[in-house]
Structures are given as structure tokens and as C-alpha cells.
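What's in coords.csv: CSV, C-alpha atoms (C1' of nucleotides)
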```
chain,number,residue,atom,x,y,z
X,1,MET,CA,14.2,-59.0,-3.6
X,2,THR,CA,11.1,-60.9,-4.4
X,3,SER,CA,8.1,-61.8,-2.4
X,4,THR,CA,8.7,-65.5,-2.3
X,5,ASP,CA,6.0,-66.4,0.1
X,6,THR,CA,2.9,-68.0,-1.2
X,7,MET,CA,1.0,-67.4,1.9
X,8,THR,CA,1.7,-66.4,5.5
X,9,SER,CA,-0.7,-68.5,7.4
X,10,THR,CA,2.2,-70.7,8.2
X,11,ASP,CA,4.3,-67.8,9.2
X,12,THR,CA,2.1,-65.8,11.4
X,13,THR,CA,3.3,-68.0,14.1
X,14,GLU,CA,6.5,-66.1,14.0
X,15,SER,CA,4.9,-62.7,14.3
X,16,ASP,CA,6.9,-61.2,17.1
X,17,LEU,CA,7.4,-57.5,17.6
X,18,THR,CA,10.5,-58.2,19.5
X,19,SER,CA,12.1,-60.1,16.6
X,20,PRO,CA,15.6,-59.0,15.4
X,21,GLU,CA,14.2,-57.8,12.1
X,22,ARG,CA,11.8,-55.4,13.9
X,23,ALA,CA,14.8,-54.2,16.0
X,24,ALA,CA,16.0,-52.5,12.9
X,25,SER,CA,13.2,-50.0,13.7
X,26,PRO,CA,12.1,-48.5,10.4
X,27,ARG,CA,11.7,-44.8,10.4
X,28,TRP,CA,8.3,-43.5,11.3
X,29,THR,CA,6.9,-41.7,8.3
X,30,ARG,CA,3.6,-40.2,7.4
X,31,GLN,CA,3.3,-42.6,4.5
X,32,ARG,CA,3.9,-45.7,6.7
X,33,GLN,CA,1.5,-44.3,9.3
X,34,ALA,CA,-1.2,-43.8,6.6
X,35,ILE,CA,-0.9,-47.3,5.4
X,36,GLU,CA,-0.9,-48.9,8.8
X,37,ASP,CA,-3.9,-46.7,9.8
X,38,TYR,CA,-5.8,-47.8,6.8
X,39,LEU,CA,-5.0,-51.5,7.4
X,40,ALA,CA,-6.1,-51.1,11.0
X,41,SER,CA,-9.4,-49.8,9.9
X,42,CYS,CA,-10.1,-52.6,7.4
X,43,ALA,CA,-11.8,-55.8,8.3
X,44,ASP,CA,-10.9,-57.6,5.1
X,45,PHE,CA,-8.1,-58.1,2.7
X,46,ARG,CA,-7.0,-55.2,0.5
X,47,THR,CA,-4.6,-55.3,-2.5
X,48,ALA,CA,-1.8,-52.9,-2.8
X,49,GLN,CA,-3.7,-51.1,-5.6
X,50,GLN,CA,-6.8,-50.7,-3.4
X,51,ILE,CA,-4.8,-49.3,-0.6
X,52,HIS,CA,-3.0,-46.9,-2.9
X,53,ASP,CA,-6.3,-45.8,-4.5
X,54,HIS,CA,-7.9,-45.2,-1.0
X,55,LEU,CA,-4.9,-43.2,0.2
X,56,GLN,CA,-5.0,-41.1,-3.0
X,57,GLN,CA,-8.7,-40.3,-2.4
X,58,GLU,CA,-8.0,-39.4,1.2
X,59,GLY,CA,-5.4,-37.0,0.0
X,60,ALA,CA,-2.6,-38.9,1.7
X,61,GLY,CA,-0.3,-39.0,-1.2
X,62,VAL,CA,1.5,-42.3,-1.0
X,63,SER,CA,3.1,-43.7,-4.1
X,64,LEU,CA,2.5,-47.2,-5.3
X,65,PRO,CA,6.0,-48.4,-4.9
X,66,THR,CA,5.9,-47.2,-1.3
X,67,VAL,CA,2.7,-49.1,-0.7
X,68,TYR,CA,4.3,-52.2,-2.0
X,69,ARG,CA,7.5,-51.7,0.0
X,70,THR,CA,5.7,-51.0,3.2
X,71,LEU,CA,3.4,-54.0,2.8
X,72,GLN,CA,6.3,-56.2,2.2
X,73,GLN,CA,8.0,-55.1,5.3
X,74,LEU,CA,4.9,-55.5,7.4
X,75,ALA,CA,4.5,-58.9,6.0
X,76,GLU,CA,8.1,-59.9,6.7
X,77,THR,CA,7.7,-58.9,10.3
X,78,GLY,CA,4.4,-60.7,10.6
X,79,GLN,CA,2.3,-57.6,11.2
X,80,VAL,CA,0.1,-58.3,8.2
X,81,ASP,CA,-1.3,-61.4,6.6
X,82,GLN,CA,-1.1,-61.8,2.9
X,83,VAL,CA,-3.1,-64.0,0.6
X,84,ARG,CA,-3.1,-64.5,-3.1
X,85,THR,CA,-6.3,-63.5,-4.7
X,86,GLY,CA,-7.5,-65.6,-7.6
X,87,ASP,CA,-6.3,-63.1,-10.2
X,88,ALA,CA,-2.7,-63.1,-9.3
X,89,GLN,CA,-2.8,-60.1,-7.0
X,90,THR,CA,-1.6,-60.2,-3.4
X,91,ALA,CA,-4.0,-58.9,-0.8
X,92,TYR,CA,-3.0,-57.8,2.7
X,93,ARG,CA,-4.7,-57.5,6.0
X,94,ARG,CA,-3.6,-56.6,9.5
X,95,CYS,CA,-3.0,-59.7,11.5
X,96,LEU,CA,-5.6,-59.8,14.3
X,97,MET,CA,-5.0,-63.2,15.6
X,98,THR,CA,-1.6,-64.2,17.0
X,99,GLY,CA,-0.4,-67.7,16.6
X,100,HIS,CA,-1.2,-70.2,13.9
X,101,HIS,CA,-4.4,-69.5,12.0
X,102,HIS,CA,-6.0,-69.5,8.6
X,103,HIS,CA,-8.5,-67.4,6.7
X,104,LEU,CA,-12.0,-67.9,5.6
X,105,ILE,CA,-12.5,-65.4,2.8
X,106,CYS,CA,-15.7,-64.4,1.1
X,107,ARG,CA,-15.4,-64.7,-2.7
X,108,ARG,CA,-17.7,-61.9,-3.3
X,109,CYS,CA,-17.0,-59.1,-0.8
X,110,GLN,CA,-13.6,-60.3,0.3
X,111,THR,CA,-14.5,-60.3,3.9
X,112,ALA,CA,-12.1,-62.4,5.8
X,113,VAL,CA,-12.5,-64.2,9.1
X,114,GLU,CA,-9.4,-65.5,10.9
X,115,VAL,CA,-10.0,-69.0,12.1
X,116,PRO,CA,-7.7,-71.1,14.3
X,117,GLY,CA,-6.2,-74.0,12.4
X,118,PRO,CA,-7.0,-77.6,13.1
X,119,ASP,CA,-4.3,-80.0,13.7
X,120,ILE,CA,-2.9,-79.6,10.2
X,121,GLN,CA,0.6,-79.0,11.5
X,122,ASP,CA,0.7,-82.5,13.0
X,123,TRP,CA,-0.8,-84.0,9.9
X,124,ALA,CA,1.6,-82.1,7.7
X,125,ALA,CA,4.6,-83.1,9.8
X,126,GLN,CA,3.5,-86.8,9.6
X,127,VAL,CA,3.0,-86.7,5.9
X,128,ALA,CA,6.4,-85.0,5.5
X,129,ARG,CA,8.1,-87.6,7.6
X,130,ASP,CA,6.5,-90.4,5.6
X,131,HIS,CA,7.9,-88.9,2.4
X,132,GLY,CA,11.3,-88.0,3.8
X,133,PHE,CA,10.6,-84.2,3.6
X,134,SER,CA,11.9,-81.8,6.2
X,135,ALA,CA,11.2,-78.2,7.1
X,136,VAL,CA,7.5,-78.4,6.2
X,137,GLY,CA,5.2,-75.5,6.1
X,138,HIS,CA,1.8,-75.2,4.6
X,139,ASP,CA,-0.6,-72.8,3.0
X,140,LEU,CA,-4.2,-73.1,3.7
X,141,GLU,CA,-7.0,-70.8,2.7
X,142,LEU,CA,-10.8,-71.4,2.9
X,143,TYR,CA,-13.1,-69.7,0.4
X,144,GLY,CA,-16.8,-69.4,0.6
X,145,VAL,CA,-19.7,-67.0,0.4
X,146,CYS,CA,-20.5,-65.1,3.5
X,147,ALA,CA,-24.1,-64.9,4.9
X,148,ASP,CA,-24.5,-61.3,3.8
X,149,CYS,CA,-23.6,-62.0,0.3
X,150,SER,CA,-25.7,-65.1,0.2
X,151,ALA,CA,-28.7,-63.2,1.3
X,152,ARG,CA,-28.0,-60.3,-1.1
X,153,GLY,CA,-27.2,-62.5,-4.0
X,154,ALA,CA,-24.4,-60.2,-4.9
X,155,PRO,CA,-22.4,-61.0,-8.1
X,156,GLU,CA,-18.9,-62.3,-7.6
X,157,SER,CA,-16.3,-59.6,-7.2
X,158,PRO,CA,-14.2,-59.5,-10.4
X,159,ALA,CA,-11.1,-59.2,-8.2
X,160,GLY,CA,-11.9,-62.0,-5.9
X,161,PRO,CA,-10.8,-65.6,-5.9
X,162,ALA,CA,-13.4,-67.5,-7.8
X,163,ARG,CA,-15.1,-70.7,-7.2
N,1,MET,CA,-11.8,-65.5,-19.5
N,2,THR,CA,-9.5,-65.4,-16.6
N,3,SER,CA,-7.8,-68.1,-14.5
N,4,THR,CA,-9.6,-67.3,-11.3
N,5,ASP,CA,-8.7,-70.4,-9.4
N,6,THR,CA,-6.1,-69.9,-6.7
N,7,MET,CA,-5.5,-73.7,-6.6
N,8,THR,CA,-7.3,-76.7,-7.7
N,9,SER,CA,-6.7,-79.1,-4.9
N,10,THR,CA,-10.3,-78.5,-4.1
N,11,ASP,CA,-11.4,-79.0,-7.7
N,12,THR,CA,-9.7,-82.2,-8.7
N,13,THR,CA,-12.7,-83.9,-7.1
N,14,GLU,CA,-14.6,-82.8,-10.1
N,15,SER,CA,-12.2,-84.2,-12.6
N,16,ASP,CA,-14.5,-86.2,-14.8
N,17,LEU,CA,-13.8,-87.1,-18.3
N,18,THR,CA,-17.4,-87.5,-19.1
N,19,SER,CA,-18.3,-83.9,-18.1
N,20,PRO,CA,-20.1,-81.8,-20.6
N,21,GLU,CA,-17.1,-79.6,-21.2
N,22,ARG,CA,-15.0,-82.6,-22.1
N,23,ALA,CA,-17.8,-83.8,-24.3
N,24,ALA,CA,-16.9,-80.9,-26.6
N,25,SER,CA,-13.9,-83.1,-27.5
N,26,PRO,CA,-11.0,-80.8,-28.4
N,27,ARG,CA,-9.3,-81.4,-31.6
N,28,TRP,CA,-6.3,-83.6,-31.5
N,29,THR,CA,-3.3,-81.5,-32.5
N,30,ARG,CA,0.4,-82.0,-32.6
N,31,GLN,CA,0.8,-79.2,-30.1
N,32,ARG,CA,-1.6,-80.5,-27.6
N,33,GLN,CA,0.0,-83.9,-27.9
N,34,ALA,CA,3.4,-82.5,-27.3
N,35,ILE,CA,2.3,-80.7,-24.2
N,36,GLU,CA,0.4,-83.7,-22.8
N,37,ASP,CA,3.4,-85.9,-23.5
N,38,TYR,CA,5.7,-83.7,-21.7
N,39,LEU,CA,3.5,-83.3,-18.7
N,40,ALA,CA,3.1,-87.1,-18.6
N,41,SER,CA,6.9,-87.4,-18.4
N,42,CYS,CA,7.3,-84.9,-15.6
N,43,ALA,CA,7.2,-85.9,-12.0
N,44,ASP,CA,7.0,-82.4,-10.7
N,45,PHE,CA,5.3,-79.1,-11.4
N,46,ARG,CA,6.3,-77.1,-14.5
N,47,THR,CA,5.4,-73.6,-15.3
N,48,ALA,CA,4.0,-72.6,-18.7
N,49,GLN,CA,7.3,-71.0,-19.5
N,50,GLN,CA,9.3,-74.1,-18.6
N,51,ILE,CA,7.1,-76.2,-20.8
N,52,HIS,CA,7.4,-73.8,-23.6
N,53,ASP,CA,11.2,-73.7,-23.3
N,54,HIS,CA,11.4,-77.5,-23.3
N,55,LEU,CA,9.2,-77.9,-26.3
N,56,GLN,CA,11.3,-75.3,-28.2
N,57,GLN,CA,14.4,-77.2,-27.4
N,58,GLU,CA,12.9,-80.4,-28.5
N,59,GLY,CA,12.0,-78.8,-31.8
N,60,ALA,CA,8.3,-79.2,-31.2
N,61,GLY,CA,7.4,-75.6,-32.0
N,62,VAL,CA,4.5,-74.7,-29.7
N,63,SER,CA,3.8,-71.1,-29.1
N,64,LEU,CA,3.5,-69.7,-25.6
N,65,PRO,CA,-0.1,-68.7,-26.0
N,66,THR,CA,-0.9,-72.2,-27.1
N,67,VAL,CA,0.8,-73.6,-24.0
N,68,TYR,CA,-1.2,-71.3,-21.8
N,69,ARG,CA,-4.4,-72.1,-23.6
N,70,THR,CA,-3.9,-75.9,-23.5
N,71,LEU,CA,-2.9,-75.9,-19.8
N,72,GLN,CA,-5.9,-73.9,-19.0
N,73,GLN,CA,-8.2,-76.4,-20.7
N,74,LEU,CA,-6.4,-79.3,-19.1
N,75,ALA,CA,-6.8,-77.7,-15.7
N,76,GLU,CA,-10.5,-77.0,-16.4
N,77,THR,CA,-11.2,-80.6,-17.1
N,78,GLY,CA,-9.2,-81.7,-14.1
N,79,GLN,CA,-6.5,-83.4,-16.1
N,80,VAL,CA,-3.7,-81.3,-14.5
N,81,ASP,CA,-3.2,-79.8,-11.1
N,82,GLN,CA,-2.1,-76.3,-10.8
N,83,VAL,CA,-0.3,-74.5,-8.0
N,84,ARG,CA,0.9,-71.0,-7.6
N,85,THR,CA,4.6,-70.8,-7.2
N,86,GLY,CA,6.0,-68.2,-4.8
N,87,ASP,CA,6.9,-65.8,-7.5
N,88,ALA,CA,3.5,-65.4,-9.0
N,89,GLN,CA,3.8,-68.0,-11.6
N,90,THR,CA,1.4,-70.9,-12.1
N,91,ALA,CA,2.9,-74.4,-12.3
N,92,TYR,CA,1.1,-77.4,-13.7
N,93,ARG,CA,1.5,-81.1,-13.3
N,94,ARG,CA,-0.5,-84.0,-14.7
N,95,CYS,CA,-2.9,-85.2,-12.1
N,96,LEU,CA,-1.9,-88.7,-10.9
N,97,MET,CA,-4.3,-89.1,-8.1
N,98,THR,CA,-8.0,-89.0,-8.5
N,99,GLY,CA,-10.3,-87.6,-5.9
N,100,HIS,CA,-9.5,-85.0,-3.3
N,101,HIS,CA,-5.8,-84.6,-2.6
N,102,HIS,CA,-3.1,-82.1,-1.9
N,103,HIS,CA,0.6,-81.6,-2.8
N,104,LEU,CA,3.8,-81.8,-0.8
N,105,ILE,CA,6.2,-79.8,-2.8
N,106,CYS,CA,10.0,-79.6,-2.4
N,107,ARG,CA,11.1,-75.9,-2.2
N,108,ARG,CA,14.3,-76.7,-3.9
N,109,CYS,CA,13.8,-79.1,-6.7
N,110,GLN,CA,10.0,-78.7,-7.1
N,111,THR,CA,9.4,-82.3,-6.8
N,112,ALA,CA,5.8,-82.9,-5.9
N,113,VAL,CA,4.1,-85.7,-4.1
N,114,GLU,CA,0.4,-86.1,-4.1
N,115,VAL,CA,-1.0,-86.9,-0.8
N,116,PRO,CA,-4.6,-87.7,0.2
N,117,GLY,CA,-6.1,-85.0,2.2
N,118,PRO,CA,-7.0,-85.3,5.8
N,119,ASP,CA,-10.5,-84.5,7.0
N,120,ILE,CA,-10.1,-80.9,6.1
N,121,GLN,CA,-13.3,-80.8,4.2
N,122,ASP,CA,-15.3,-81.7,7.2
N,123,TRP,CA,-13.4,-79.2,9.3
N,124,ALA,CA,-13.8,-76.5,6.6
N,125,ALA,CA,-17.5,-77.1,6.3
N,126,GLN,CA,-17.9,-76.9,10.1
N,127,VAL,CA,-15.9,-73.6,10.2
N,128,ALA,CA,-18.0,-72.2,7.4
N,129,ARG,CA,-21.2,-73.1,9.1
N,130,ASP,CA,-20.0,-71.4,12.2
N,131,HIS,CA,-19.4,-68.2,10.4
N,132,GLY,CA,-22.5,-68.4,8.1
N,133,PHE,CA,-20.5,-69.1,5.0
N,134,SER,CA,-21.7,-71.3,2.3
N,135,ALA,CA,-20.1,-72.9,-0.8
N,136,VAL,CA,-16.8,-73.5,0.8
N,137,GLY,CA,-13.7,-74.7,-0.9
N,138,HIS,CA,-10.1,-74.6,0.3
N,139,ASP,CA,-6.6,-74.4,-1.0
N,140,LEU,CA,-4.0,-76.4,0.8
N,141,GLU,CA,-0.4,-76.9,-0.2
N,142,LEU,CA,2.5,-78.4,1.8
N,143,TYR,CA,6.0,-77.2,1.3
N,144,GLY,CA,9.2,-78.8,2.5
N,145,VAL,CA,12.6,-80.0,1.5
N,146,CYS,CA,12.8,-83.5,0.1
N,147,ALA,CA,15.2,-86.1,1.3
N,148,ASP,CA,17.4,-85.8,-1.8
N,149,CYS,CA,17.8,-82.1,-1.4
N,150,SER,CA,18.4,-82.3,2.3
N,151,ALA,CA,21.2,-84.7,1.7
N,152,ARG,CA,22.6,-82.7,-1.2
N,153,GLY,CA,22.3,-79.3,0.6
N,154,ALA,CA,21.1,-77.8,-2.7
N,155,PRO,CA,20.4,-74.1,-2.8
N,156,GLU,CA,16.8,-73.1,-3.0
N,157,SER,CA,15.4,-72.8,-6.5
N,158,PRO,CA,15.0,-69.1,-7.4
N,159,ALA,CA,11.7,-69.9,-9.0
N,160,GLY,CA,10.3,-72.0,-6.2
N,161,PRO,CA,8.0,-71.1,-3.4
N,162,ALA,CA,10.1,-70.1,-0.5
N,163,ARG,CA,9.9,-70.9,3.2
J,1,DG,C1',18.6,-25.3,17.3
J,2,DG,C1',21.7,-26.6,13.3
J,3,DA,C1',24.5,-29.7,10.5
J,4,DC,C1',25.0,-34.4,9.0
J,5,DT,C1',24.2,-39.1,7.8
J,6,DT,C1',21.2,-42.3,6.1
J,7,DC,C1',17.1,-44.3,5.1
J,8,DA,C1',12.4,-43.7,2.9
J,9,DT,C1',10.0,-41.8,-0.8
J,10,DG,C1',8.3,-40.7,-5.5
J,11,DA,C1',8.3,-40.6,-10.4
J,12,DG,C1',9.1,-43.1,-14.0
J,13,DA,C1',10.6,-46.8,-16.5
J,14,DA,C1',11.3,-51.7,-16.7
J,15,DT,C1',10.1,-56.5,-16.1
J,16,DC,C1',7.5,-60.4,-16.5
J,17,DA,C1',3.6,-63.6,-16.6
J,18,DT,C1',-0.5,-63.8,-18.8
J,19,DT,C1',-4.2,-62.7,-22.0
J,20,DA,C1',-6.5,-60.7,-26.3
J,21,DT,C1',-6.7,-60.1,-31.3
J,22,DC,C1',-7.0,-61.8,-35.6
J,23,DA,C1',-5.4,-63.9,-39.8
J,24,DA,C1',-3.6,-68.4,-41.3
J,25,DT,C1',-3.7,-73.3,-40.8
J,26,DA,C1',-5.1,-77.9,-39.9
J,27,DA,C1',-8.7,-81.4,-37.9
J,28,DG,C1',-12.8,-83.6,-38.4
J,29,DC,C1',-16.6,-84.6,-41.4
J,30,DC,C1',-19.3,-84.9,-45.6
L,1,DG,C1',-11.2,-83.6,-52.2
L,2,DG,C1',-13.9,-79.7,-50.4
L,3,DC,C1',-16.0,-77.5,-46.5
L,4,DT,C1',-16.6,-75.9,-41.8
L,5,DT,C1',-14.7,-74.6,-37.8
L,6,DA,C1',-11.7,-75.0,-33.9
L,7,DT,C1',-6.8,-74.3,-33.1
L,8,DT,C1',-2.6,-72.1,-33.7
L,9,DG,C1',1.0,-68.4,-33.9
L,10,DA,C1',2.6,-63.7,-34.2
L,11,DT,C1',2.0,-59.7,-32.1
L,12,DA,C1',0.5,-56.4,-29.1
L,13,DA,C1',-1.7,-55.4,-24.9
L,14,DT,C1',-2.5,-55.7,-20.1
L,15,DG,C1',-1.6,-55.4,-15.4
L,16,DA,C1',0.8,-56.3,-11.1
L,17,DT,C1',5.0,-55.7,-9.2
L,18,DT,C1',9.9,-54.3,-9.0
L,19,DC,C1',14.0,-51.4,-10.1
L,20,DT,C1',16.6,-47.0,-10.4
L,21,DC,C1',18.0,-42.9,-8.8
L,22,DA,C1',17.5,-38.2,-7.4
L,23,DT,C1',15.1,-35.8,-3.7
L,24,DG,C1',13.5,-35.1,0.9
L,25,DA,C1',12.7,-36.2,5.6
L,26,DA,C1',14.0,-38.7,10.2
L,27,DG,C1',17.0,-39.5,13.6
L,28,DT,C1',21.4,-38.3,15.7
L,29,DC,C1',25.3,-35.8,17.3
L,30,DC,C1',27.2,-31.4,18.5
```
Spell out the structure here as C-alpha cells.
Amino acid sequence: MTSTDTMTSTDTTESDLTSPERAASPRWTRQRQAIEDYLASCADFRTAQQIHDHLQQEGAGVSLPTVYRTLQQLAETGQVDQVRTGDAQTAYRRCLMTGHHHHLICRRCQTAVEVPGPDIQDWAAQVARDHGFSAVGHDLELYGVCADCSARGAPESPAGPAR
Amino acid sequence: MTSTDTMTSTDTTESDLTSPERAASPRWTRQRQAIEDYLASCADFRTAQQIHDHLQQEGAGVSLPTVYRTLQQLAETGQVDQVRTGDAQTAYRRCLMTGHHHHLICRRCQTAVEVPGPDIQDWAAQVARDHGFSAVGHDLELYGVCADCSARGAPESPAGPAR
DNA sequence: GGACTTCATGAGAATCATTATCAATAAGCC
DNA sequence: GGCTTATTGATAATGATTCTCATGAAGTCC
């Protein structure tokens, strides 16, 4: 399969631990535990590579394919948010906010803040109707420079979404 | 250099043929001509690969690196819009609408409609201020199924952004 | 507790989009 | 026409992600 989602801001609405997919109860493994624990401890988005590196350093040997697989599953069940970084990587973060929301991401330190969405859904639905489109969804991300980074004058992270 | 932009909805505002970068007037070559012509004839987004394939079939031999380079330049000068497809490809389309706008893209046939943005900029600026962020930009794409595809019941394009 | 079934994992290779390198070529200018 | 220099093309390289398949562990039944 392929990760066909551009973003999950739209989809977090369906995060629902009682969903049928979740009912398939994945086996509880040390590796999955390690990944979820790490995600739970992170305030900002991490790429699969970063997660893998961290777990390696911690001694929790988890292979890269496993990291990808687990993240994909978590994303499918709405347990993590995913965003595309500027350099074609996918970054993940445990979903803290239920319901429809978006992310305000610092271009330098990758810190992410979840923010409730405005009435974009209504607007999107209206636009779609006007053009004869159905089944609309949307992807919305906000990028900026957080207060800390502004004060520090830190250089932009090479891995981060630019501009 | 790297293509660090996640999307250019934000950036099309700065499309400005008189900008200093543009003043460096790129040389007019057969290859660039072919690429621009093709883009001008397309109503929807095309990936670099698709453009390359088409030009090959037409007999206008343009190498893939050249396609990428040209598209990047066009994107930098705001002459084309770029969006990320679901499967990690970047798709380009000639920018028809000047000023700030977004895209409503059909998941099945990739047809794209440019739509003027709502007051997201104001909202984004407000949210950013609330969280101490500066220099905000945003990425917003709308996805749906166009009227034609709905009627036709066409299967989803394997290359298109899903959901 | 032990055997069994089945899913998750890991190692490695493969894929695929994109970018870098560098010599050859063509555009623009005199 | 000759010169300078940006552009191109062939090729290799890069890097994220996915696939394959044998191995091992989790959950279940007895």
C-alpha cells in the first residue's frame, strides 16, 4: 500500500479508538510500545528517521521498516497526525487535540501547536458546491517562527519546511 | 539548492515578473519553450515525470533534469503553482490566477480549479500572534471529486492525492 | 504450562522521485 | 563570425520509503 494522504488535518476528525479498524487490535509489541512512548514524550513533529535514530540511541532496537509500518498504522487509526515537511519527508506527532484542527509549525525548531480550525469546512463545502465537487476535504498547515526561535535568531533547520 | 516549499499557495502573492530574480532573464531555449507551452495547454496539475513523458512522445526531447530545473525556476518566479500529490510527487500547473489563491483538486482526474482564498490570512496572523509566532505562511489545498468524475464513477487515480 | 497459529519484525534489497556533476552545446552579444 | 556564459543532457548519486521473506514473538486453545 501507499501513504496516499497528503495531510491528516482533515482526518483527525475521524480519530476514534472504537473504530472498526482499531477493533482489529494490533499485537502489543515492545517495538510498538517504544514508538508510542517516544511519540507521547514529544511535543513536536518527528520524522520516521528521527524516531528511528532516537530509538537506536536509547538501545530500543527498532528497525526502520517497523517504524514506518507502525507510524502508518497509527496514522490510519487517527492516533497520530502527519504533515509533510518541506523536504519531502513525512513527520508524525501524537494527536493531542480531538476533533478538527490544524497545526502551526515552527520552521526552525519544528515545534508544533495544534490550533482549532476556523470555519474552513463551511467555506470549503461552499466552494466545492459552486464548482460541482463532492466529498471535499482539505489540507491546511500554518508555518511560522516561534517566539523562542525569533529571540534566539536560530538558523532554519535544514530539515524543516522553509519560508 | 532544495525545493523547500511545501506549497506555494502562500507564495503566489509574490509572483512578480519584475522581481530581481526574473530580471536575470533566463535564456530562451527550445526546451523551456516546450515545457511552458505544454503547461499552458494543461488545465490540471502535472508532475515532472508526466511532463517529461509527454514531451518525449511529442518528440521534443527534453531531459528529466531539465524539466525539473525549469519547473523549479518557474515556481520560484511564481509562474507556476506547485502542489504535493499524495504519493510524494510534486505537481505543477501554470498559474492562472494572480494574487492569493488556493486549489480545489479532483482526486480522480486531477483537474484543478483555482479559487480565491477566504480570510485565512487574517485568521492565520491572529493565531500566530496568539502563540507568539512570526512570519506566518500557510498551505491550503482542497480535495474533492469533480462533477464529471462523480457522474462517471471513475476509479481514483493511483497517482492522485487520496481521501 | 505446552503446542500451534498467525501476525509483527528485521535485514536487506528495491523502488522511485529528485538532485548533483560535468562536459558539450546553444543563446545572446560584440 | 567569434566569444562568453548559461543551459542542457547523460549519468550517477542521494535519500525517503516500501517490498520480500525468513525468523521470532504474541495470543489462543488444550
Query raised in the report: chain J residues within 9 Å of chain X, counting only C-alpha atoms (C1' of nucleotides): which ones, as number ranges by chain?
Result: J: 7-11
Keeping only C-alpha atoms (C1' of nucleotides), write those residues as a PDB file, in the frame of the given file.
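Printed below is out-v3.pdb as written:
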```pdb
ATOM      1  C1'  DC J   7      17.100 -44.300   5.100  1.00  0.00           C
ATOM      2  C1'  DA J   8      12.400 -43.700   2.900  1.00  0.00           C
ATOM      3  C1'  DT J   9      10.000 -41.800  -0.800  1.00  0.00           C
ATOM      4  C1'  DG J  10       8.300 -40.700  -5.500  1.00  0.00           C
ATOM      5  C1'  DA J  11       8.300 -40.600 -10.400  1.00  0.00           C
TER       6       DA J  11
END
```
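You can rank L:DC3, L:DT20, L:DT11, L:DA25 by their closest distance to chain N using all atoms listed in the file, and at the top of that list sits L:DT11.
Of note, CA of Leu142 (chain N) and CA of Phe45 (chain X) are spaced 22.9 Å apart.
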**Report entry** Selected residue of minimal separation from Gln73 (chain N) among N:Ala147, N:Val136, N:Ile35, N:Val113, counting all atoms listed in the file
**Finding:** N:Ile35
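Going from CA of Ser134 (chain X) over to CA of Ser150 (chain N), you cover 7.6 Å.
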Requested in this report: Would you give me, as a list of chain:residue names, the residues of chain L that come within 9 Å of chain N, using all atoms listed in the file?
Outcome: L:DA6, L:DT7, L:DT8, L:DG9
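Between CA of Leu71 (chain X) and CA of Asp87 (chain X) there is a distance of 18.6 Å.
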Compile the contact shell of DT5 (chain L) as a compact mmCIF listing (two decimals) with C-alpha atoms (C1' of nucleotides), in the coordinates of the input: residues with an atom at most 12 Å away, counting all atoms listed in the file, same-chain residues fewer than 5 positions apart removed.
```
# COMPACT_ATOMS: atom_id res chain seq x y z
CA PRO N 26 -11.00 -80.80 -28.40
CA ARG N 27 -9.30 -81.40 -31.60
C1' DT J 25 -3.70 -73.30 -40.80
C1' DA J 26 -5.10 -77.90 -39.90
C1' DA J 27 -8.70 -81.40 -37.90
C1' DG J 28 -12.80 -83.60 -38.40
C1' DC J 29 -16.60 -84.60 -41.40
```
**Report entry** Neighbours of point (3.3, -72.8, -13.0) within 7 Å, using all atoms listed in the file, written as number ranges by chain
**Finding:** N: 45-48, 82-85, 89-92
Could you dump the residues just selected with C-alpha atoms as a PDB file, in the frame of the given file?
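Resulting contents of part-v7.pdb:
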```
ATOM      1  CA  PHE N  45       5.300 -79.100 -11.400  1.00  0.00           C
ATOM      2  CA  ARG N  46       6.300 -77.100 -14.500  1.00  0.00           C
ATOM      3  CA  THR N  47       5.400 -73.600 -15.300  1.00  0.00           C
ATOM      4  CA  ALA N  48       4.000 -72.600 -18.700  1.00  0.00           C
ATOM      5  CA  GLN N  82      -2.100 -76.300 -10.800  1.00  0.00           C
ATOM      6  CA  VAL N  83      -0.300 -74.500  -8.000  1.00  0.00           C
ATOM      7  CA  ARG N  84       0.900 -71.000  -7.600  1.00  0.00           C
ATOM      8  CA  THR N  85       4.600 -70.800  -7.200  1.00  0.00           C
ATOM      9  CA  GLN N  89       3.800 -68.000 -11.600  1.00  0.00           C
ATOM     10  CA  THR N  90       1.400 -70.900 -12.100  1.00  0.00           C
ATOM     11  CA  ALA N  91       2.900 -74.400 -12.300  1.00  0.00           C
ATOM     12  CA  TYR N  92       1.100 -77.400 -13.700  1.00  0.00           C
TER      13      TYR N  92
END
```
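When all atoms listed in the file are used to compute distances to chain N, the closest of the residues X:Asp44, X:Cys109, X:Gly117, X:Gly86 turns out to be X:Gly86.
For DA3 (chain J), the set of protein, DNA and RNA residues having any atom at most 12 Å away, when counting all atoms listed in the file and skipping those fewer than 2 positions along the same chain, is DG1 and DT5 of chain J; DT28, DC29 and DC30 of chain L.
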Report task. Identify which of the residues N:Glu36, N:Glu58, N:Asp53, N:Asp148 lies closest to chain X, counting all atoms listed in the file when measuring atom-to-atom distances. Result -> N:Asp148
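Minimum atom-to-atom distances from X:Thr77, X:Gln121, X:Thr98, X:Gln110 to Ser25 (chain X) were compared using all atoms listed in the file, and the lowest value belongs to X:Thr77.
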